[in-house]
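Enquirer: PDB, C-alpha atoms, file protein21.pdb:
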MODEL        1
ATOM      1  CA  MET A   1      88.197 187.192 130.929  1.00  0.00           C
ATOM      2  CA  THR A   2      91.647 186.052 132.091  1.00  0.00           C
ATOM      3  CA  GLN A   3      94.464 188.395 131.127  1.00  0.00           C
ATOM      4  CA  PRO A   4      97.898 186.982 130.200  1.00  0.00           C
ATOM      5  CA  GLN A   5     100.611 187.439 132.823  1.00  0.00           C
ATOM      6  CA  LEU A   6     103.041 190.208 131.895  1.00  0.00           C
ATOM      7  CA  SER A   7     106.754 190.106 132.610  1.00  0.00           C
ATOM      8  CA  ARG A   8     108.127 192.747 134.965  1.00  0.00           C
ATOM      9  CA  ARG A   9     109.660 194.622 132.008  1.00  0.00           C
ATOM     10  CA  GLU A  10     106.374 194.545 130.061  1.00  0.00           C
ATOM     11  CA  GLN A  11     104.443 195.722 133.123  1.00  0.00           C
ATOM     12  CA  ASN A  12     106.886 198.579 133.696  1.00  0.00           C
ATOM     13  CA  LYS A  13     106.509 199.681 130.062  1.00  0.00           C
ATOM     14  CA  LEU A  14     102.726 199.506 130.346  1.00  0.00           C
ATOM     15  CA  ASP A  15     102.774 201.501 133.590  1.00  0.00           C
ATOM     16  CA  THR A  16     105.003 204.166 131.999  1.00  0.00           C
ATOM     17  CA  ARG A  17     102.721 204.435 128.971  1.00  0.00           C
ATOM     18  CA  ARG A  18      99.673 204.795 131.204  1.00  0.00           C
ATOM     19  CA  ALA A  19     101.396 207.417 133.366  1.00  0.00           C
ATOM     20  CA  ILE A  20     102.270 209.505 130.318  1.00  0.00           C
ATOM     21  CA  ALA A  21      98.761 209.177 128.921  1.00  0.00           C
ATOM     22  CA  GLN A  22      97.198 210.155 132.252  1.00  0.00           C
ATOM     23  CA  ALA A  23      99.505 213.164 132.541  1.00  0.00           C
ATOM     24  CA  ALA A  24      98.472 214.278 129.048  1.00  0.00           C
ATOM     25  CA  LEU A  25      94.783 213.978 129.885  1.00  0.00           C
ATOM     26  CA  ASP A  26      95.211 215.818 133.203  1.00  0.00           C
ATOM     27  CA  LEU A  27      96.957 218.688 131.405  1.00  0.00           C
ATOM     28  CA  ALA A  28      94.262 218.777 128.737  1.00  0.00           C
ATOM     29  CA  ARG A  29      91.600 219.088 131.429  1.00  0.00           C
ATOM     30  CA  THR A  30      93.355 221.994 133.119  1.00  0.00           C
ATOM     31  CA  HIS A  31      95.000 223.818 130.189  1.00  0.00           C
ATOM     32  CA  GLY A  32      92.880 222.740 127.236  1.00  0.00           C
ATOM     33  CA  VAL A  33      93.995 220.738 124.220  1.00  0.00           C
ATOM     34  CA  GLY A  34      96.958 222.484 122.601  1.00  0.00           C
ATOM     35  CA  GLY A  35      97.752 224.388 125.798  1.00  0.00           C
ATOM     36  CA  PHE A  36     100.766 222.279 126.751  1.00  0.00           C
ATOM     37  CA  THR A  37     103.797 220.582 125.225  1.00  0.00           C
ATOM     38  CA  ALA A  38     105.299 217.115 125.137  1.00  0.00           C
ATOM     39  CA  GLU A  39     107.935 218.359 127.594  1.00  0.00           C
ATOM     40  CA  GLN A  40     105.241 219.380 130.087  1.00  0.00           C
ATOM     41  CA  ILE A  41     103.601 215.978 129.761  1.00  0.00           C
ATOM     42  CA  ALA A  42     106.932 214.292 130.419  1.00  0.00           C
ATOM     43  CA  ASP A  43     107.573 216.475 133.478  1.00  0.00           C
ATOM     44  CA  GLN A  44     104.144 215.729 134.935  1.00  0.00           C
ATOM     45  CA  ALA A  45     104.569 212.002 134.298  1.00  0.00           C
ATOM     46  CA  GLY A  46     108.039 212.020 135.880  1.00  0.00           C
ATOM     47  CA  VAL A  47     109.855 210.844 132.748  1.00  0.00           C
ATOM     48  CA  SER A  48     112.298 212.387 130.304  1.00  0.00           C
ATOM     49  CA  ARG A  49     111.381 214.014 127.021  1.00  0.00           C
ATOM     50  CA  ARG A  50     113.181 211.161 125.279  1.00  0.00           C
ATOM     51  CA  THR A  51     111.053 208.618 127.114  1.00  0.00           C
ATOM     52  CA  PHE A  52     107.900 210.434 126.044  1.00  0.00           C
ATOM     53  CA  PHE A  53     108.898 210.171 122.389  1.00  0.00           C
ATOM     54  CA  ASN A  54     109.811 206.512 122.836  1.00  0.00           C
ATOM     55  CA  TYR A  55     106.105 205.909 123.475  1.00  0.00           C
ATOM     56  CA  PHE A  56     104.295 208.627 121.522  1.00  0.00           C
ATOM     57  CA  HIS A  57     104.887 210.844 118.512  1.00  0.00           C
ATOM     58  CA  SER A  58     102.780 213.773 119.751  1.00  0.00           C
ATOM     59  CA  PRO A  59     100.639 214.998 122.672  1.00  0.00           C
ATOM     60  CA  GLU A  60      97.532 214.095 120.639  1.00  0.00           C
ATOM     61  CA  GLU A  61      98.682 210.513 120.342  1.00  0.00           C
ATOM     62  CA  ALA A  62      99.209 210.317 124.105  1.00  0.00           C
ATOM     63  CA  LEU A  63      95.742 211.712 124.701  1.00  0.00           C
ATOM     64  CA  ILE A  64      93.865 209.017 122.819  1.00  0.00           C
ATOM     65  CA  VAL A  65      95.148 206.130 124.953  1.00  0.00           C
ATOM     66  CA  SER A  66      91.894 205.969 126.947  1.00  0.00           C
ATOM     67  CA  THR A  67      89.877 205.580 123.749  1.00  0.00           C
ATOM     68  CA  GLU A  68      92.274 202.950 122.415  1.00  0.00           C
ATOM     69  CA  SER A  69      92.003 201.039 125.701  1.00  0.00           C
ATOM     70  CA  PHE A  70      88.207 201.172 125.542  1.00  0.00           C
ATOM     71  CA  LEU A  71      88.129 199.860 121.972  1.00  0.00           C
ATOM     72  CA  ASP A  72      90.887 197.285 122.545  1.00  0.00           C
ATOM     73  CA  ARG A  73      88.842 195.932 125.453  1.00  0.00           C
ATOM     74  CA  ALA A  74      85.766 195.661 123.233  1.00  0.00           C
ATOM     75  CA  GLU A  75      87.748 193.664 120.660  1.00  0.00           C
ATOM     76  CA  ALA A  76      89.249 191.382 123.316  1.00  0.00           C
ATOM     77  CA  GLU A  77      85.868 190.754 124.923  1.00  0.00           C
ATOM     78  CA  LEU A  78      84.370 189.844 121.546  1.00  0.00           C
ATOM     79  CA  LEU A  79      87.146 187.332 120.886  1.00  0.00           C
ATOM     80  CA  ALA A  80      86.447 185.744 124.274  1.00  0.00           C
ATOM     81  CA  ARG A  81      82.684 185.269 123.717  1.00  0.00           C
ATOM     82  CA  PRO A  82      81.398 181.673 123.205  1.00  0.00           C
ATOM     83  CA  ALA A  83      81.633 180.583 119.569  1.00  0.00           C
ATOM     84  CA  GLU A  84      78.000 179.442 119.487  1.00  0.00           C
ATOM     85  CA  GLU A  85      76.611 182.757 120.759  1.00  0.00           C
ATOM     86  CA  PRO A  86      74.648 184.752 118.128  1.00  0.00           C
ATOM     87  CA  ILE A  87      76.889 187.454 116.724  1.00  0.00           C
ATOM     88  CA  LEU A  88      74.710 190.415 117.728  1.00  0.00           C
ATOM     89  CA  ASP A  89      74.407 189.111 121.292  1.00  0.00           C
ATOM     90  CA  ALA A  90      78.170 188.539 121.423  1.00  0.00           C
ATOM     91  CA  MET A  91      78.963 192.030 120.173  1.00  0.00           C
ATOM     92  CA  ILE A  92      76.519 193.719 122.535  1.00  0.00           C
ATOM     93  CA  ALA A  93      77.891 191.746 125.488  1.00  0.00           C
ATOM     94  CA  ALA A  94      81.453 192.606 124.459  1.00  0.00           C
ATOM     95  CA  LEU A  95      80.797 196.326 124.258  1.00  0.00           C
ATOM     96  CA  ALA A  96      78.739 196.297 127.472  1.00  0.00           C
ATOM     97  CA  ALA A  97      81.752 194.776 129.234  1.00  0.00           C
ATOM     98  CA  THR A  98      83.816 197.835 128.340  1.00  0.00           C
ATOM     99  CA  THR A  99      81.645 199.938 130.647  1.00  0.00           C
ATOM    100  CA  LYS A 100      83.463 198.292 133.559  1.00  0.00           C
ATOM    101  CA  VAL A 101      86.897 199.660 132.649  1.00  0.00           C
ATOM    102  CA  GLU A 102      88.451 201.994 135.196  1.00  0.00           C
ATOM    103  CA  ASN A 103      89.094 204.749 132.666  1.00  0.00           C
ATOM    104  CA  LEU A 104      85.560 204.962 131.242  1.00  0.00           C
ATOM    105  CA  LYS A 105      85.174 208.583 132.379  1.00  0.00           C
ATOM    106  CA  ASP A 106      88.559 209.393 130.818  1.00  0.00           C
ATOM    107  CA  CYS A 107      87.243 208.055 127.519  1.00  0.00           C
ATOM    108  CA  GLY A 108      84.173 210.278 127.804  1.00  0.00           C
ATOM    109  CA  ASP A 109      86.257 213.312 128.722  1.00  0.00           C
ATOM    110  CA  LEU A 110      88.476 212.740 125.701  1.00  0.00           C
ATOM    111  CA  PHE A 111      85.384 212.564 123.505  1.00  0.00           C
ATOM    112  CA  ARG A 112      84.427 216.005 124.854  1.00  0.00           C
ATOM    113  CA  LEU A 113      87.901 217.484 124.414  1.00  0.00           C
ATOM    114  CA  SER A 114      88.316 216.233 120.853  1.00  0.00           C
ATOM    115  CA  ALA A 115      85.173 218.016 119.688  1.00  0.00           C
ATOM    116  CA  GLY A 116      86.884 221.400 119.944  1.00  0.00           C
ATOM    117  CA  ASN A 117      90.301 220.606 118.503  1.00  0.00           C
ATOM    118  CA  PRO A 118      90.806 219.569 114.847  1.00  0.00           C
ATOM    119  CA  ASP A 119      94.183 217.881 115.455  1.00  0.00           C
ATOM    120  CA  LEU A 120      92.930 215.804 118.363  1.00  0.00           C
ATOM    121  CA  LEU A 121      89.648 215.083 116.591  1.00  0.00           C
ATOM    122  CA  GLY A 122      91.505 213.659 113.601  1.00  0.00           C
ATOM    123  CA  THR A 123      93.677 211.443 115.800  1.00  0.00           C
ATOM    124  CA  HIS A 124      90.648 210.397 117.841  1.00  0.00           C
ATOM    125  CA  LEU A 125      88.606 209.435 114.783  1.00  0.00           C
ATOM    126  CA  LEU A 126      91.561 207.484 113.410  1.00  0.00           C
ATOM    127  CA  ALA A 127      91.667 205.423 116.615  1.00  0.00           C
ATOM    128  CA  TRP A 128      87.977 204.548 116.165  1.00  0.00           C
ATOM    129  CA  GLU A 129      88.544 203.662 112.508  1.00  0.00           C
ATOM    130  CA  ARG A 130      91.503 201.397 113.297  1.00  0.00           C
ATOM    131  CA  ALA A 131      89.493 199.631 115.993  1.00  0.00           C
ATOM    132  CA  GLU A 132      86.523 199.268 113.663  1.00  0.00           C
ATOM    133  CA  ALA A 133      88.731 197.568 111.065  1.00  0.00           C
ATOM    134  CA  ARG A 134      90.071 195.107 113.665  1.00  0.00           C
ATOM    135  CA  ILE A 135      86.592 194.327 115.005  1.00  0.00           C
ATOM    136  CA  ILE A 136      85.302 193.761 111.468  1.00  0.00           C
ATOM    137  CA  SER A 137      88.158 191.306 110.922  1.00  0.00           C
ATOM    138  CA  ALA A 138      87.321 189.514 114.185  1.00  0.00           C
ATOM    139  CA  VAL A 139      83.650 189.230 113.213  1.00  0.00           C
ATOM    140  CA  GLU A 140      84.591 187.922 109.762  1.00  0.00           C
ATOM    141  CA  ASP A 141      86.748 185.237 111.362  1.00  0.00           C
ATOM    142  CA  ARG A 142      83.950 184.333 113.745  1.00  0.00           C
ATOM    143  CA  LEU A 143      81.268 184.056 111.060  1.00  0.00           C
ATOM    144  CA  GLN A 144      83.516 182.256 108.554  1.00  0.00           C
ATOM    145  CA  GLY A 145      81.664 183.331 105.430  1.00  0.00           C
ATOM    146  CA  ARG A 146      78.153 182.985 106.864  1.00  0.00           C
ATOM    147  CA  ALA A 147      77.409 186.702 106.395  1.00  0.00           C
ATOM    148  CA  SER A 148      78.027 189.234 103.662  1.00  0.00           C
ATOM    149  CA  SER A 149      80.635 191.957 103.926  1.00  0.00           C
ATOM    150  CA  LEU A 150      77.835 194.540 103.872  1.00  0.00           C
ATOM    151  CA  TYR A 151      76.114 192.880 106.845  1.00  0.00           C
ATOM    152  CA  ILE A 152      79.314 192.781 108.890  1.00  0.00           C
ATOM    153  CA  HIS A 153      80.289 196.383 108.137  1.00  0.00           C
ATOM    154  CA  ALA A 154      76.770 197.606 108.957  1.00  0.00           C
ATOM    155  CA  LEU A 155      76.650 195.595 112.183  1.00  0.00           C
ATOM    156  CA  VAL A 156      80.025 196.779 113.494  1.00  0.00           C
ATOM    157  CA  GLY A 157      79.339 200.347 112.403  1.00  0.00           C
ATOM    158  CA  SER A 158      75.973 200.326 114.177  1.00  0.00           C
ATOM    159  CA  LEU A 159      77.486 199.005 117.385  1.00  0.00           C
ATOM    160  CA  LEU A 160      80.252 201.608 117.518  1.00  0.00           C
ATOM    161  CA  SER A 161      77.798 204.348 116.560  1.00  0.00           C
ATOM    162  CA  CYS A 162      75.759 203.405 119.623  1.00  0.00           C
ATOM    163  CA  ALA A 163      78.814 203.924 121.820  1.00  0.00           C
ATOM    164  CA  LYS A 164      79.495 207.296 120.190  1.00  0.00           C
ATOM    165  CA  ALA A 165      75.859 208.347 120.622  1.00  0.00           C
ATOM    166  CA  ALA A 166      76.060 207.497 124.326  1.00  0.00           C
ATOM    167  CA  MET A 167      79.201 209.601 124.708  1.00  0.00           C
ATOM    168  CA  ARG A 168      77.684 212.554 122.853  1.00  0.00           C
ATOM    169  CA  GLU A 169      74.639 212.423 125.130  1.00  0.00           C
ATOM    170  CA  TRP A 170      76.892 212.240 128.173  1.00  0.00           C
ATOM    171  CA  VAL A 171      78.997 215.189 126.981  1.00  0.00           C
ATOM    172  CA  SER A 172      75.880 217.334 126.436  1.00  0.00           C
ATOM    173  CA  ALA A 173      74.658 216.786 130.012  1.00  0.00           C
ATOM    174  CA  ASP A 174      76.066 218.444 133.123  1.00  0.00           C
ATOM    175  CA  THR A 175      76.760 215.331 135.202  1.00  0.00           C
ATOM    176  CA  PRO A 176      78.427 215.675 138.633  1.00  0.00           C
ATOM    177  CA  ASP A 177      81.859 214.040 138.706  1.00  0.00           C
ATOM    178  CA  ALA A 178      80.752 211.552 141.355  1.00  0.00           C
ATOM    179  CA  ASP A 179      78.087 210.188 138.991  1.00  0.00           C
ATOM    180  CA  ALA A 180      79.853 210.707 135.669  1.00  0.00           C
ATOM    181  CA  ALA A 181      81.211 207.203 135.052  1.00  0.00           C
ATOM    182  CA  GLN A 182      77.977 205.559 136.167  1.00  0.00           C
ATOM    183  CA  THR A 183      75.920 207.840 133.920  1.00  0.00           C
ATOM    184  CA  LEU A 184      78.122 207.123 130.908  1.00  0.00           C
ATOM    185  CA  GLU A 185      77.863 203.399 131.615  1.00  0.00           C
ATOM    186  CA  HIS A 186      74.067 203.726 131.735  1.00  0.00           C
ATOM    187  CA  HIS A 187      73.979 205.576 128.411  1.00  0.00           C
ATOM    188  CA  ILE A 188      76.115 202.950 126.672  1.00  0.00           C
ATOM    189  CA  VAL A 189      74.004 200.067 127.980  1.00  0.00           C
ATOM    190  CA  ALA A 190      70.822 201.941 127.007  1.00  0.00           C
ATOM    191  CA  THR A 191      71.955 202.438 123.406  1.00  0.00           C
ATOM    192  CA  LEU A 192      72.960 198.777 123.155  1.00  0.00           C
ATOM    193  CA  THR A 193      69.535 197.778 124.438  1.00  0.00           C
ATOM    194  CA  MET A 194      67.935 199.927 121.732  1.00  0.00           C
ATOM    195  CA  LEU A 195      70.069 198.206 119.109  1.00  0.00           C
ATOM    196  CA  ARG A 196      69.239 194.750 120.443  1.00  0.00           C
ATOM    197  CA  ASP A 197      65.519 195.584 120.381  1.00  0.00           C
ATOM    198  CA  GLY A 198      65.711 196.921 116.838  1.00  0.00           C
ATOM    199  CA  PHE A 199      64.881 200.473 117.948  1.00  0.00           C
ATOM    200  CA  SER A 200      61.317 199.191 118.123  1.00  0.00           C
ATOM    201  CA  HIS A 201      59.925 202.147 120.059  1.00  0.00           C
ATOM    202  CA  PRO A 202      61.110 205.632 121.040  1.00  0.00           C
ATOM    203  CA  THR A 203      62.245 206.244 124.614  1.00  0.00           C
ATOM    204  CA  ARG A 204      62.546 209.349 126.712  1.00  0.00           C
TER     205      ARG A 204
ENDMDL
END
Would you mind writing the file's structure down as structure tokens?
Expert:
Amino acid sequence: MTQPQLSRREQNKLDTRRAIAQAALDLARTHGVGGFTAEQIADQAGVSRRTFFNYFHSPEEALIVSTESFLDRAEAELLARPAEEPILDAMIAALAATTKVENLKDCGDLFRLSAGNPDLLGTHLLAWERAEARIISAVEDRLQGRASSLYIHALVGSLLSCAKAAMREWVSADTPDADAAQTLEHHIVATLTMLRDGFSHPTR
């Protein structure tokens, strides 16, 4: 999928946002969620405290960038699928494409970190809910009244639940860092395959 060309100013803003988000995640890995401040994130990212708050309202908000990127990519990939492609095939292909993002392991690590922190968990779940609402809207536009609201909500919910199930499985396993991203990618593709096949038989 071809990405639109960003201006230099837009690219600089995007790079700054990513640097702050990466600094937040690095600190969370070493100090634990809640073990650092916005000022420490800013210092690690090489920006001012004011710059941090120009981009984010809290450390938790900075932490969820990897999840937002993952879900934004899924939405963008769905919008780019051929109009004549069956909706389930399009959605599975769109979510499978997200396994190729560079920060896939970051998204999995955030899923792990959020499980033990109520503030981060709430922010994390809100990011999933916002993305779900946008994807539902995209599917509604694509189907143009050819499916009920119940069908669309169930379909999108099932797809995102598959991604969450893959991340939970990945978090529960002790995967070496060198294989972590590849293992998470495998889990996501496996759950999507189960969905496509109608969960017709159990697997081990």
Enquirer: Which residues fall under the PyMOL selection byres ((chain A and resi 185) around 10) in this file, as a ChimeraX atom specification?
Expert: /A:96-101,104-105,163,166-167,170,180-184,186-190
Enquirer: Just to confirm, what's the straight-line distance from atom CA of A:Gly35 to atom CA of A:Ala165 in Å (one decimal)?
Expert: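 Between atom CA of A:Gly35 and atom CA of A:Ala165 the gap is 27.6 Å.
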Enquirer: Identify, on the basis of all atoms listed in the file, every residue whose closest approach to A:Arg81 does not exceed 12 Å; exclude the query and any residue fewer than 2 positions from it along the same chain; express the result as number ranges by chain.
Expert: A: 1, 74-79, 83-95, 97, 138-139, 142
Enquirer: Would you put the residues from that selection into a file with C-alpha atoms, as a CSV table (one decimal), keeping the file's coordinate frame?
Expert:
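Ended up saving to part-v2.csv:
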chain,number,residue,atom,x,y,z
A,1,MET,CA,88.2,187.2,130.9
A,74,ALA,CA,85.8,195.7,123.2
A,75,GLU,CA,87.7,193.7,120.7
A,76,ALA,CA,89.2,191.4,123.3
A,77,GLU,CA,85.9,190.8,124.9
A,78,LEU,CA,84.4,189.8,121.5
A,79,LEU,CA,87.1,187.3,120.9
A,83,ALA,CA,81.6,180.6,119.6
A,84,GLU,CA,78.0,179.4,119.5
A,85,GLU,CA,76.6,182.8,120.8
A,86,PRO,CA,74.6,184.8,118.1
A,87,ILE,CA,76.9,187.5,116.7
A,88,LEU,CA,74.7,190.4,117.7
A,89,ASP,CA,74.4,189.1,121.3
A,90,ALA,CA,78.2,188.5,121.4
A,91,MET,CA,79.0,192.0,120.2
A,92,ILE,CA,76.5,193.7,122.5
A,93,ALA,CA,77.9,191.7,125.5
A,94,ALA,CA,81.5,192.6,124.5
A,95,LEU,CA,80.8,196.3,124.3
A,97,ALA,CA,81.8,194.8,129.2
A,138,ALA,CA,87.3,189.5,114.2
A,139,VAL,CA,83.6,189.2,113.2
A,142,ARG,CA,84.0,184.3,113.7
Enquirer: Translate the PyMOL selection byres ((chain A and resi 115-124) around 7) into a concrete residue list for this structure, as a list in words.
Expert: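 After applying the PyMOL selection byres ((chain A and resi 115-124) around 7), what remains is Val33, Glu60, Glu61, Ile64, Phe111, Arg112, Leu113, Ser114, Leu125, Leu126, Ala127 and Trp128 of chain A.
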Enquirer: Between atom CA of A:Pro59 and atom CA of A:Ala28, what distance in Å does the model show, to one decimal?
Expert: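 If I compute the distance from atom CA of A:Pro59 to atom CA of A:Ala28, I get 9.6 Å.
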Enquirer: So how many Å separate atom CA of A:Gly145 and atom CA of A:Asp197, to one decimal?
Expert: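 Atom-to-atom, atom CA of A:Gly145 and atom CA of A:Asp197 are spaced 25.2 Å apart.
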Enquirer: Decode the PyMOL selection byres ((chain A and resi 6-23) around 6) for the given file into explicit residues and return them as a JSON list (two decimals) with C-alpha atoms, in the coordinates of the input.
Expert:
[["chain", "number", "residue", "atom", "x", "y", "z"],
["A", 5, "GLN", "CA", 100.61, 187.44, 132.82],
["A", 24, "ALA", "CA", 98.47, 214.28, 129.05],
["A", 25, "LEU", "CA", 94.78, 213.98, 129.88],
["A", 26, "ASP", "CA", 95.21, 215.82, 133.20],
["A", 41, "ILE", "CA", 103.60, 215.98, 129.76],
["A", 44, "GLN", "CA", 104.14, 215.73, 134.94],
["A", 45, "ALA", "CA", 104.57, 212.00, 134.30],
["A", 62, "ALA", "CA", 99.21, 210.32, 124.10],
["A", 63, "LEU", "CA", 95.74, 211.71, 124.70]]
Enquirer: Please identify all polymer residues within 8 Å of stretch 151-156 of chain A, counting all atoms listed in the file, omitting same-chain residues fewer than 2 positions from it, and present them as number ranges by chain.
Expert: A: 88, 132, 135-136, 139-140, 147-149, 158-160
